[in-house]
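Undergrad: Provided herewith is a single structure, encoded as structure tokens, for subsequent inquiry.
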Amino acid sequence: MDFNVTFNNVVVRLIFSELTIDFIDKVNQYLKSLETVFSSWAERQRNTLRTMRAIGVMVTVLNFEFLIVDILEE
């Protein structure tokens, strides 16, 4: 998926520009970017994040690579 390559390239450029990007901000932006095309998928992932926070599981368990693989299977 070209979107994933472009998204990752932008993130890398921001990091090389010495900007700090929190994991959750990266995930939220990824979901926000995809929600117009894959609205049900994005909402399902957000619900997973909310559930994990509610039960006290660190959200870093749901890693960014998982999201990329999951959307490619969609």
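Chain labels run A, B, ... following the order of the structure tokens; each chain numbers its residues from 1, and ligands are numbered from 1 in the order shown.
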Skipping near chain neighbours, those fewer than 3 positions away, what residues fall within 10 Å of Ile71 in chain A using only C-alpha atoms, listed as a ChimeraX atom specification?
TA: /A:1,4,34,38,41-42,66-68,74
Undergrad: What's around Val10 in chain A at 12 Å? Count only C-alpha atoms, leave out sequence neighbours fewer than 5 positions away in its own chain, and write the answer as a VMD selection string.
TA: chain A and resid 3 to 5 15 to 17 19 21 26 29 to 30
Undergrad: Which residues in chain A does DSSP call alpha helix (DSSP H)? List them as a VMD selection string.
TA: chain A and resid 2 to 16 23 to 34 39 to 54 64 to 73
Undergrad: Looking at A:Arg50, A:Glu18, A:Phe7, A:Met58, which one is nearest to Lys32 in chain A, with distances taken over only C-alpha atoms?
TA: A:Phe7
Undergrad: When you draw a straight line from CA of Ser39 in chain A to CA of Thr20 in chain A, how long is it in Å?
TA: 27.7 Å
Undergrad: Nearest residue to Asn8 in chain A out of A:Glu65, A:Glu73, A:Asp22, A:Glu35, using only C-alpha atoms?
TA: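 Looking at the shortest contact to Asn8 in chain A, the residue is A:Glu65.
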